[in-house]
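Chemist: File name structure.pdb; file contents PDB, C-alpha atoms; full text below.
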```pdb
ATOM      1  CA  MET P  29     -97.321 -10.987-164.884
ATOM      2  CA  LYS P  30     -99.397 -14.149-164.611
ATOM      3  CA  THR P  31    -100.731 -15.973-167.661
ATOM      4  CA  VAL P  32    -104.028 -17.839-167.903
ATOM      5  CA  SER P  33    -104.610 -20.380-170.678
ATOM      6  CA  ILE P  34    -108.158 -20.901-171.916
ATOM      7  CA  VAL P  35    -108.641 -24.355-173.448
ATOM      8  CA  ILE P  36    -111.679 -24.386-175.751
ATOM      9  CA  SER P  37    -112.937 -27.764-177.010
ATOM     10  CA  ALA P  38    -114.602 -27.513-180.428
ATOM     11  CA  TYR P  39    -116.223 -30.191-182.553
ATOM     12  CA  ASN P  40    -118.262 -29.019-185.554
ATOM     13  CA  GLU P  41    -118.668 -25.525-184.089
ATOM     14  CA  ALA P  42    -117.919 -23.475-187.214
ATOM     15  CA  THR P  43    -120.845 -21.140-186.615
ATOM     16  CA  ASN P  44    -119.943 -20.543-182.949
ATOM     17  CA  VAL P  45    -116.190 -19.918-182.698
ATOM     18  CA  ALA P  46    -116.209 -16.363-184.068
ATOM     19  CA  GLU P  47    -118.957 -15.269-181.689
ATOM     20  CA  LEU P  48    -117.213 -17.034-178.802
ATOM     21  CA  HIS P  49    -113.953 -15.234-179.606
ATOM     22  CA  LYS P  50    -115.813 -11.918-179.685
ATOM     23  CA  GLU P  51    -117.415 -12.548-176.274
ATOM     24  CA  LEU P  52    -114.165 -13.843-174.804
ATOM     25  CA  SER P  53    -112.188 -10.831-175.998
ATOM     26  CA  LYS P  54    -114.726  -8.462-174.467
ATOM     27  CA  GLU P  55    -114.489 -10.162-171.060
ATOM     28  CA  LEU P  56    -110.722 -10.672-171.074
ATOM     29  CA  ASN P  57    -110.161  -6.982-171.767
ATOM     30  CA  THR P  58    -111.745  -6.217-168.378
ATOM     31  CA  VAL P  59    -109.117  -8.274-166.514
ATOM     32  CA  SER P  60    -105.977  -6.337-165.578
ATOM     33  CA  ASN P  61    -102.459  -7.591-164.825
ATOM     34  CA  THR P  62    -103.092 -10.924-166.540
ATOM     35  CA  ASN P  63    -102.030 -12.298-169.917
ATOM     36  CA  PHE P  64    -104.253 -14.755-171.732
ATOM     37  CA  GLU P  65    -103.823 -17.377-174.414
ATOM     38  CA  MET P  66    -106.748 -19.051-176.165
ATOM     39  CA  LEU P  67    -106.104 -22.652-177.179
ATOM     40  CA  PHE P  68    -108.808 -23.828-179.540
ATOM     41  CA  VAL P  69    -108.769 -27.636-179.687
ATOM     42  CA  ASP P  70    -110.323 -28.817-182.946
ATOM     43  CA  ASP P  71    -111.468 -32.348-182.144
ATOM     44  CA  GLY P  72    -111.438 -33.654-185.717
ATOM     45  CA  SER P  73    -114.309 -31.437-186.885
ATOM     46  CA  LYS P  74    -115.980 -32.327-190.176
ATOM     47  CA  ASP P  75    -117.211 -28.814-190.949
ATOM     48  CA  GLU P  76    -115.294 -25.513-191.333
ATOM     49  CA  THR P  77    -114.400 -25.177-187.650
ATOM     50  CA  LEU P  78    -110.646 -25.331-188.284
ATOM     51  CA  SER P  79    -110.823 -22.719-191.059
ATOM     52  CA  GLU P  80    -112.796 -20.381-188.819
ATOM     53  CA  ILE P  81    -110.264 -20.739-186.010
ATOM     54  CA  LYS P  82    -107.384 -20.069-188.419
ATOM     55  CA  GLN P  83    -109.078 -16.795-189.335
ATOM     56  CA  LEU P  84    -109.056 -15.875-185.648
ATOM     57  CA  LEU P  85    -105.377 -16.864-185.479
ATOM     58  CA  LEU P  86    -104.525 -14.273-188.113
ATOM     59  CA  LYS P  87    -106.299 -11.506-186.190
ATOM     60  CA  ASP P  88    -105.397 -12.289-182.566
ATOM     61  CA  ASP P  89    -101.937 -13.181-181.247
ATOM     62  CA  ARG P  90    -103.515 -14.847-178.215
ATOM     63  CA  VAL P  91    -105.146 -17.544-180.367
ATOM     64  CA  LYS P  92    -103.411 -20.898-180.808
ATOM     65  CA  ILE P  93    -104.701 -24.132-182.290
ATOM     66  CA  VAL P  94    -104.381 -27.771-181.289
ATOM     67  CA  GLN P  95    -105.665 -29.741-184.271
ATOM     68  CA  LEU P  96    -106.500 -33.348-183.473
ATOM     69  CA  LYS P  97    -106.194 -35.584-186.528
ATOM     70  CA  ARG P  98    -109.526 -37.266-185.856
ATOM     71  CA  ASN P  99    -112.340 -37.089-183.341
ATOM     72  CA  PHE P 100    -110.816 -38.461-180.128
ATOM     73  CA  GLY P 101    -113.643 -37.291-177.846
ATOM     74  CA  HIS P 102    -114.201 -34.454-175.433
ATOM     75  CA  GLU P 103    -112.046 -35.732-172.565
ATOM     76  CA  ILE P 104    -109.038 -36.303-174.835
ATOM     77  CA  ALA P 105    -109.563 -32.885-176.439
ATOM     78  CA  MET P 106    -109.313 -31.283-173.008
ATOM     79  CA  THR P 107    -106.234 -33.383-172.258
ATOM     80  CA  ALA P 108    -104.538 -32.214-175.462
ATOM     81  CA  GLY P 109    -105.306 -28.593-174.674
ATOM     82  CA  MET P 110    -103.975 -29.018-171.155
ATOM     83  CA  ASP P 111    -100.754 -30.566-172.496
ATOM     84  CA  TYR P 112    -100.047 -27.527-174.691
ATOM     85  CA  ALA P 113    -101.255 -24.865-172.253
ATOM     86  CA  LYS P 114     -98.450 -22.719-170.829
ATOM     87  CA  GLY P 115    -100.410 -20.623-168.346
ATOM     88  CA  ASP P 116    -100.089 -20.413-164.578
ATOM     89  CA  ALA P 117    -103.726 -21.531-164.555
ATOM     90  CA  VAL P 118    -105.919 -23.224-167.146
ATOM     91  CA  ILE P 119    -109.596 -22.537-167.814
ATOM     92  CA  PHE P 120    -111.569 -25.221-169.652
ATOM     93  CA  MET P 121    -114.715 -24.422-171.620
ATOM     94  CA  ASP P 122    -116.750 -25.547-174.629
ATOM     95  CA  ALA P 123    -117.174 -23.574-177.836
ATOM     96  CA  ASP P 124    -120.988 -23.565-177.943
ATOM     97  CA  LEU P 125    -121.372 -20.501-175.651
ATOM     98  CA  GLN P 126    -123.250 -22.524-173.043
ATOM     99  CA  HIS P 127    -120.230 -21.858-170.826
ATOM    100  CA  PRO P 128    -120.663 -18.062-170.625
ATOM    101  CA  PRO P 129    -117.375 -16.075-170.925
ATOM    102  CA  LEU P 130    -119.051 -13.563-168.605
ATOM    103  CA  TYR P 131    -117.863 -15.623-165.611
ATOM    104  CA  ILE P 132    -114.188 -15.812-166.548
ATOM    105  CA  PRO P 133    -113.178 -12.542-164.810
ATOM    106  CA  GLN P 134    -114.790 -13.865-161.613
ATOM    107  CA  MET P 135    -112.940 -17.170-161.961
ATOM    108  CA  VAL P 136    -109.626 -15.354-162.381
ATOM    109  CA  LYS P 137    -110.393 -13.150-159.370
ATOM    110  CA  GLU P 138    -111.103 -16.188-157.187
ATOM    111  CA  TRP P 139    -107.831 -17.717-158.361
ATOM    112  CA  ASN P 140    -105.898 -14.543-157.571
ATOM    113  CA  ASP P 141    -107.533 -14.583-154.128
ATOM    114  CA  GLY P 142    -106.086 -18.029-153.449
ATOM    115  CA  ALA P 143    -108.515 -20.596-154.884
ATOM    116  CA  GLU P 144    -106.496 -23.282-156.681
ATOM    117  CA  ILE P 145    -109.525 -24.956-158.267
ATOM    118  CA  VAL P 146    -112.604 -22.971-159.306
ATOM    119  CA  LEU P 147    -115.566 -25.049-160.471
ATOM    120  CA  THR P 148    -118.912 -23.979-161.856
ATOM    121  CA  LYS P 149    -122.371 -25.324-161.098
ATOM    122  CA  ARG P 150    -125.202 -25.080-163.583
ATOM    123  CA  VAL P 151    -128.270 -24.114-161.530
ATOM    124  CA  ASP P 152    -130.465 -24.122-164.622
ATOM    125  CA  ASN P 153    -130.246 -24.830-168.335
ATOM    126  CA  VAL P 154    -132.785 -22.981-170.445
ATOM    127  CA  ALA P 155    -132.153 -25.339-173.368
ATOM    128  CA  THR P 156    -133.259 -28.548-171.609
ATOM    129  CA  SER P 157    -136.707 -29.949-170.838
ATOM    130  CA  LYS P 158    -138.106 -30.897-167.433
ATOM    131  CA  LEU P 159    -137.804 -34.567-168.382
ATOM    132  CA  TYR P 160    -134.085 -34.137-169.144
ATOM    133  CA  LYS P 161    -133.543 -32.349-165.825
ATOM    134  CA  PHE P 162    -135.353 -35.129-163.959
ATOM    135  CA  CYS P 163    -133.262 -37.786-165.712
ATOM    136  CA  ALA P 164    -130.078 -35.839-164.883
ATOM    137  CA  LYS P 165    -130.990 -35.756-161.174
ATOM    138  CA  ALA P 166    -131.740 -39.479-161.234
ATOM    139  CA  PHE P 167    -128.428 -40.143-162.986
ATOM    140  CA  TYR P 168    -126.376 -38.268-160.380
ATOM    141  CA  TRP P 169    -128.250 -40.007-157.573
ATOM    142  CA  ILE P 170    -127.448 -43.440-159.028
ATOM    143  CA  LEU P 171    -123.885 -42.371-159.883
ATOM    144  CA  ASN P 172    -123.062 -41.236-156.352
ATOM    145  CA  LEU P 173    -124.796 -44.284-154.880
ATOM    146  CA  LEU P 174    -122.542 -46.619-156.862
ATOM    147  CA  SER P 175    -119.350 -44.551-157.058
ATOM    148  CA  GLU P 176    -116.808 -44.259-154.271
ATOM    149  CA  THR P 177    -115.777 -40.823-155.601
ATOM    150  CA  LYS P 178    -118.649 -38.368-155.256
ATOM    151  CA  ILE P 179    -119.216 -36.260-158.380
ATOM    152  CA  GLY P 180    -121.139 -33.013-157.999
ATOM    153  CA  GLU P 181    -124.475 -32.650-159.762
ATOM    154  CA  SER P 182    -124.670 -30.283-162.756
ATOM    155  CA  MET P 183    -120.988 -29.323-162.573
ATOM    156  CA  PRO P 184    -119.828 -29.129-166.213
ATOM    157  CA  ASP P 185    -116.337 -28.942-167.714
ATOM    158  CA  PHE P 186    -116.225 -25.167-167.233
ATOM    159  CA  ARG P 187    -113.546 -24.651-164.623
ATOM    160  CA  LEU P 188    -110.221 -23.078-163.655
ATOM    161  CA  ILE P 189    -107.324 -25.184-162.402
ATOM    162  CA  ASP P 190    -104.066 -23.872-160.981
ATOM    163  CA  ARG P 191    -100.808 -24.950-162.630
ATOM    164  CA  ARG P 192     -99.916 -27.129-159.621
ATOM    165  CA  TYR P 193    -102.971 -29.291-160.194
ATOM    166  CA  VAL P 194    -102.605 -29.153-163.979
ATOM    167  CA  ASP P 195     -99.143 -30.697-163.671
ATOM    168  CA  PHE P 196    -100.544 -33.294-161.274
ATOM    169  CA  LEU P 197    -103.342 -34.193-163.716
ATOM    170  CA  LYS P 198    -100.817 -34.577-166.525
ATOM    171  CA  GLY P 199     -99.279 -37.420-164.526
ATOM    172  CA  PHE P 200    -102.401 -39.557-164.900
ATOM    173  CA  ASN P 201    -102.003 -42.078-167.711
ATOM    174  CA  GLU P 202    -105.505 -43.509-168.060
ATOM    175  CA  GLN P 203    -106.562 -44.024-171.644
ATOM    176  CA  ASP P 204    -110.216 -43.577-170.698
ATOM    177  CA  ARG P 205    -110.601 -40.574-168.414
ATOM    178  CA  LEU P 206    -113.240 -38.370-166.861
ATOM    179  CA  PHE P 207    -111.972 -34.965-165.738
ATOM    180  CA  ARG P 208    -114.800 -34.104-163.373
ATOM    181  CA  GLY P 209    -114.267 -37.407-161.584
ATOM    182  CA  LEU P 210    -110.495 -36.948-161.412
ATOM    183  CA  LEU P 211    -110.927 -33.501-159.873
ATOM    184  CA  SER P 212    -113.365 -34.878-157.290
ATOM    185  CA  TRP P 213    -110.823 -37.597-156.498
ATOM    186  CA  ILE P 214    -108.049 -34.998-156.083
ATOM    187  CA  MET P 215    -110.088 -32.575-153.985
ATOM    188  CA  PRO P 216    -113.700 -32.969-152.771
ATOM    189  CA  ASN P 217    -116.110 -30.369-154.117
ATOM    190  CA  ASP P 218    -116.738 -28.938-150.649
ATOM    191  CA  LYS P 219    -113.112 -27.779-150.535
ATOM    192  CA  VAL P 220    -113.085 -25.803-153.787
ATOM    193  CA  LYS P 221    -114.645 -22.543-154.914
ATOM    194  CA  ILE P 222    -117.878 -22.986-156.887
ATOM    195  CA  ILE P 223    -119.503 -20.356-159.093
ATOM    196  CA  GLU P 224    -123.163 -20.846-159.981
ATOM    197  CA  PHE P 225    -124.492 -19.918-163.411
ATOM    198  CA  VAL P 226    -127.454 -20.370-165.721
ATOM    199  CA  ALA P 227    -126.578 -22.039-169.023
ATOM    200  CA  PRO P 228    -128.079 -20.146-171.981
ATOM    201  CA  ASN P 229    -129.206 -21.616-175.265
ATOM    202  CA  ARG P 230    -126.539 -22.637-177.738
ATOM    203  CA  PHE P 231    -125.643 -19.712-179.990
ATOM    204  CA  SER P 232    -125.894 -21.993-183.017
ATOM    205  CA  GLY P 233    -126.026 -25.672-183.947
ATOM    206  CA  THR P 234    -127.116 -28.671-181.892
ATOM    207  CA  THR P 235    -125.616 -30.596-179.007
ATOM    208  CA  LYS P 236    -123.080 -33.312-179.867
ATOM    209  CA  TYR P 237    -124.146 -35.488-176.931
ATOM    210  CA  ASN P 238    -126.893 -37.831-178.126
ATOM    211  CA  PHE P 239    -128.539 -40.457-175.915
ATOM    212  CA  PHE P 240    -125.900 -43.137-176.555
ATOM    213  CA  LYS P 241    -122.970 -40.802-175.845
ATOM    214  CA  SER P 242    -124.664 -39.675-172.646
ATOM    215  CA  LEU P 243    -125.233 -43.308-171.660
ATOM    216  CA  ARG P 244    -121.588 -44.111-172.369
ATOM    217  CA  LEU P 245    -120.529 -41.156-170.213
ATOM    218  CA  ALA P 246    -122.778 -42.396-167.414
ATOM    219  CA  ILE P 247    -121.259 -45.895-167.497
ATOM    220  CA  ASN P 248    -117.718 -44.489-167.612
ATOM    221  CA  SER P 249    -118.490 -42.217-164.674
ATOM    222  CA  ILE P 250    -119.343 -45.235-162.546
ATOM    223  CA  THR P 251    -116.782 -47.795-163.669
ATOM    224  CA  GLN P 252    -113.772 -45.441-163.586
ATOM    225  CA  PHE P 253    -114.068 -44.607-159.916
ATOM    226  CA  SER P 254    -115.684 -47.567-158.212
ATOM    227  CA  VAL P 255    -115.824 -51.362-158.033
ATOM    228  CA  ARG P 256    -119.195 -51.268-156.294
ATOM    229  CA  PRO P 257    -120.982 -52.550-159.430
ATOM    230  CA  LEU P 258    -118.943 -55.739-159.042
ATOM    231  CA  HIS P 259    -120.218 -56.026-155.481
ATOM    232  CA  LEU P 260    -123.692 -55.395-156.866
ATOM    233  CA  ALA P 261    -123.204 -58.306-159.262
ATOM    234  CA  THR P 262    -122.306 -60.531-156.310
ATOM    235  CA  TRP P 263    -125.403 -59.471-154.382
ATOM    236  CA  LEU P 264    -127.588 -60.018-157.435
ATOM    237  CA  GLY P 265    -126.256 -63.578-157.520
ATOM    238  CA  VAL P 266    -127.028 -64.006-153.810
ATOM    239  CA  LEU P 267    -130.523 -62.563-154.343
ATOM    240  CA  GLY P 268    -131.088 -64.964-157.239
ATOM    241  CA  ALA P 269    -130.031 -67.906-155.097
ATOM    242  CA  ILE P 270    -132.325 -66.840-152.230
ATOM    243  CA  CYS P 271    -135.291 -66.389-154.562
ATOM    244  CA  SER P 272    -134.635 -69.804-156.069
ATOM    245  CA  LEU P 273    -134.563 -71.402-152.593
ATOM    246  CA  ILE P 274    -137.784 -69.632-151.614
ATOM    247  CA  LEU P 275    -139.418 -70.815-154.816
ATOM    248  CA  GLY P 276    -138.193 -74.346-154.130
ATOM    249  CA  PHE P 277    -139.631 -74.317-150.583
ATOM    250  CA  TYR P 278    -142.905 -72.949-151.921
ATOM    251  CA  VAL P 279    -143.173 -75.796-154.432
ATOM    252  CA  VAL P 280    -142.475 -78.384-151.691
ATOM    253  CA  ILE P 281    -145.093 -76.846-149.378
ATOM    254  CA  GLU P 282    -147.664 -76.715-152.172
ATOM    255  CA  ARG P 283    -146.996 -80.340-153.111
ATOM    256  CA  PHE P 284    -146.723 -82.103-149.755
ATOM    257  CA  ILE P 285    -148.580 -79.871-147.269
ATOM    258  CA  LEU P 286    -151.267 -78.031-149.237
ATOM    259  CA  HIS P 287    -151.657 -80.893-151.711
ATOM    260  CA  ASN P 288    -151.995 -78.368-154.514
ATOM    261  CA  PRO P 289    -149.027 -79.027-156.794
ATOM    262  CA  THR P 290    -147.822 -76.121-158.942
ATOM    263  CA  PRO P 291    -147.533 -76.941-162.652
ATOM    264  CA  GLY P 292    -143.925 -77.832-163.341
ATOM    265  CA  TYR P 293    -143.449 -75.670-166.416
ATOM    266  CA  ALA P 294    -144.388 -72.461-164.535
ATOM    267  CA  THR P 295    -141.820 -73.114-161.830
ATOM    268  CA  ILE P 296    -139.114 -73.933-164.329
ATOM    269  CA  VAL P 297    -139.783 -70.878-166.487
ATOM    270  CA  ALA P 298    -139.811 -68.520-163.481
ATOM    271  CA  ALA P 299    -136.618 -69.940-161.994
ATOM    272  CA  VAL P 300    -134.668 -70.127-165.253
ATOM    273  CA  GLY P 301    -135.795 -66.669-166.354
ATOM    274  CA  PHE P 302    -134.810 -65.011-163.076
ATOM    275  CA  ILE P 303    -131.466 -66.739-162.725
ATOM    276  CA  GLY P 304    -130.670 -66.141-166.405
ATOM    277  CA  ALA P 305    -131.349 -62.412-166.019
ATOM    278  CA  VAL P 306    -129.094 -62.217-162.961
ATOM    279  CA  GLN P 307    -126.318 -64.011-164.826
ATOM    280  CA  LEU P 308    -126.562 -61.713-167.846
ATOM    281  CA  ILE P 309    -126.482 -58.591-165.653
ATOM    282  CA  THR P 310    -123.482 -59.957-163.773
ATOM    283  CA  LEU P 311    -121.625 -60.863-166.960
ATOM    284  CA  GLY P 312    -122.396 -57.423-168.397
ATOM    285  CA  ILE P 313    -120.931 -55.649-165.363
ATOM    286  CA  ILE P 314    -117.823 -57.842-165.395
ATOM    287  CA  GLY P 315    -117.505 -57.291-169.147
ATOM    288  CA  GLU P 316    -117.431 -53.509-168.677
ATOM    289  CA  TYR P 317    -114.445 -53.798-166.344
ATOM    290  CA  ILE P 318    -112.645 -56.355-168.514
ATOM    291  CA  GLY P 319    -113.150 -54.060-171.500
ATOM    292  CA  LYS P 320    -111.510 -51.185-169.617
ATOM    293  CA  ILE P 321    -108.570 -53.414-168.684
ATOM    294  CA  HIS P 322    -108.242 -54.440-172.338
ATOM    295  CA  MET P 323    -108.038 -50.800-173.467
ATOM    296  CA  GLU P 324    -105.719 -49.636-170.688
ATOM    297  CA  VAL P 325    -103.061 -52.331-171.109
ATOM    298  CA  LYS P 326    -102.516 -51.351-174.757
ATOM    299  CA  LYS P 327    -100.893 -48.044-173.667
ATOM    300  CA  ARG P 328    -101.593 -46.404-176.996
ATOM    301  CA  PRO P 329    -100.862 -42.682-177.434
ATOM    302  CA  LEU P 330    -103.853 -40.615-176.380
ATOM    303  CA  TYR P 331    -103.963 -38.527-179.532
ATOM    304  CA  LEU P 332    -102.136 -37.265-182.609
ATOM    305  CA  ALA P 333    -102.199 -33.490-182.915
ATOM    306  CA  GLU P 334    -100.723 -30.552-184.750
ATOM    307  CA  PHE P 335     -99.966 -27.416-182.754
ATOM    308  CA  ILE P 336    -100.439 -24.219-184.749
ATOM    309  CA  GLU P 337     -99.436 -20.713-183.762
ATOM    310  CA  LYS P 338     -98.151 -17.713-185.676
ATOM    311  CA  GLU P 339     -94.501 -18.383-184.944
ATOM    312  CA  ASN P 340     -94.230 -22.066-185.842
ATOM    313  CA  LYS P 341     -95.972 -25.278-186.736
ATOM    314  CA  LYS P 342     -95.102 -28.714-185.388
ATOM    315  CA  LYS P 343     -96.550 -32.208-185.263
ATOM    316  CA  GLU P 344     -96.603 -34.225-182.097
ATOM    317  CA  SER P 345     -98.333 -37.300-180.668
ATOM    318  CA  LYS P 346     -99.152 -37.852-177.028
TER     319      LYS P 346
END
```
Represent the supplied structure as structure tokens.
Modeler:
Amino acid sequence: MKTVSIVISAYNEATNVAELHKELSKELNTVSNTNFEMLFVDDGSKDETLSEIKQLLLKDDRVKIVQLKRNFGHEIAMTAGMDYAKGDAVIFMDADLQHPPLYIPQMVKEWNDGAEIVLTKRVDNVATSKLYKFCAKAFYWILNLLSETKIGESMPDFRLIDRRYVDFLKGFNEQDRLFRGLLSWIMPNDKVKIIEFVAPNRFSGTTKYNFFKSLRLAINSITQFSVRPLHLATWLGVLGAICSLILGFYVVIERFILHNPTPGYATIVAAVGFIGAVQLITLGIIGEYIGKIHMEVKKRPLYLAEFIEKENKKKESK
């Protein structure tokens, strides 16, 4: 009988995990001829999330815990869960109930029918404003304009991956990783099964992704899969040089042909300001890539975790 592992990332979700377990259990009981394990990954929560999950552990043999010793971030939490998952397929989801367990039986069915990767697409999110949705569309447009690996719009980390691809993903050794980009690099989205869903409101609590975390995710999404921003920096330099030449010709024409000399300070301020801005943008782009090189060459372990199940307890770093 096949086994499916469900990796659930949780950070400060103490008020959500019990309800999530209840909803998951109800849906998993409708799936026949399949065993399930639930791996709750506590990403260094500061509330009672770990205690709540341990209560579930006592009541349900399918529950297991990967306790990260500090907050390593969502991508690393998913990596840790994937490392400990033993299933023939792995489903990734968040603990806030915005990834509805209702769709898991359909994901498993698609997998049993031959789909090796099953993604989801959020067609609407009742918890977000029109401004947020507009900004999200603009972000994906810019992302796919600059990135060589196309990343699907509104496709969250709610997905099923076959063991063959799980083992392949475990071979990647990037310190800074983006799962949705890696999956798009492995297999384009038009070659996988996609299930559409509407994301409900969070059951409890607030989102952990503030503006700065979202901005960081956006920058990582671009720099991890493309060097086009470096080409952009080059073209910004070329544009700055062209504008400076045009400005220089304009000053010469004004002075010697039109006999209407432009005040010197205005020309200097315009030229210096423009070229300075181009240089700062270029240095910023280069700095992002140098920073990634700096972090990657360290080859630090990705995380330190404790794996907890009813039978044993062990500490391990990855």
Chemist: Would you mind telling me which residue in P:Lys338, P:His287, P:Arg256, P:Lys87 lies nearest to P:Ile170 when using only C-alpha atoms?
Modeler: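 Result for the nearest residue to P:Ile170: P:Arg256.
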Chemist: Starting from 5 Å padding per side, set up an axis-aligned box that covers all listed atoms of stretch 256-262 of chain P and hand over centre and edge lengths in Å, one decimal, as JSON.
Modeler:
```
{"center_x": -121.3, "center_y": -55.9, "center_z": -157.5, "size_x": 14.7, "size_y": 19.3, "size_z": 13.9}
```
Chemist: Selection in question (the file shown): the PyMOL selection byres ((chain P and resi 109) around 9). Which residues does it include, as a ChimeraX atom specification?
Modeler: /P:34-37,67-69,93-94,104-108,110-113,120
Chemist: Select, from P:Val279, P:Ser232, P:Asp152, P:Asp88, the residue with the minimum atom-to-atom distance to P:Ala42, counting all atoms listed in the file.
Modeler: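 Result for the nearest residue to P:Ala42: P:Ser232.
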Chemist: Given all atoms listed in the file as the basis, pick out the residue of P:Thr251, P:Ser272, P:Val91, P:Glu65 nearest to P:Gly315.
Modeler: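 Among the listed residues, P:Thr251 lies closest to P:Gly315.
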Chemist: Name every residue that the PyMOL selection byres ((chain P and resi 130-132) around 8) selects in this structure, writing the answer as an MDAnalysis selection string with chains first and numbers rising.
Modeler: chainID P and resid 51:52 55:56 128:129 133:136
Chemist: Running the PyMOL selection byres ((chain P and resi 168) around 12) on this model by hand, what would come out? Give it as a list in words.
Modeler: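 After applying the PyMOL selection byres ((chain P and resi 168) around 12), what remains is Lys161, Phe162, Cys163, Ala164, Lys165, Ala166, Phe167, Trp169, Ile170, Leu171, Asn172, Leu173, Leu174, Ser175, Thr177, Lys178, Ile179, Gly180, Glu181, Ser182, Met183, Leu245, Ala246, Ile247, Ser249 and Ile250 of chain P.
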Chemist: As an exercise, work out the distance from atom CA of P:Val220 to atom CA of P:Lys137 in Å and give it to one decimal place.
Modeler: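 Atom CA of P:Lys137 lies at a distance of 14.1 Å from atom CA of P:Val220.
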Chemist: Using only C-alpha atoms, find the one residue out of P:Lys320, P:His102, P:Arg205, P:Lys221 that sits nearest to P:Met121.
Modeler: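 Residue with the minimum atom-to-atom distance to P:Met121: P:His102.
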Chemist: Between P:Lys30, P:Arg98, P:Lys219, P:Lys327, which residue has the minimum interatomic distance to P:Arg191, considering only C-alpha atoms?
Modeler: P:Lys30
Chemist: Residues near P:Glu144, anyone? I mean within 9 Å using all atoms listed in the file, not counting same-chain ones fewer than 3 positions away, as JSON, numbers by chain.
Modeler: {"P": [117, 138, 139, 140, 188, 189, 190, 191, 192, 193, 220, 221]}
Chemist: May I have the residues within 9 Å of stretch 258-264 of chain P as an MDAnalysis selection string, using all atoms listed in the file and disregarding those fewer than 3 positions away in the same chain?
Modeler: chainID P and resid 174 254:255 267:269 306:307 309:311 313:314 317
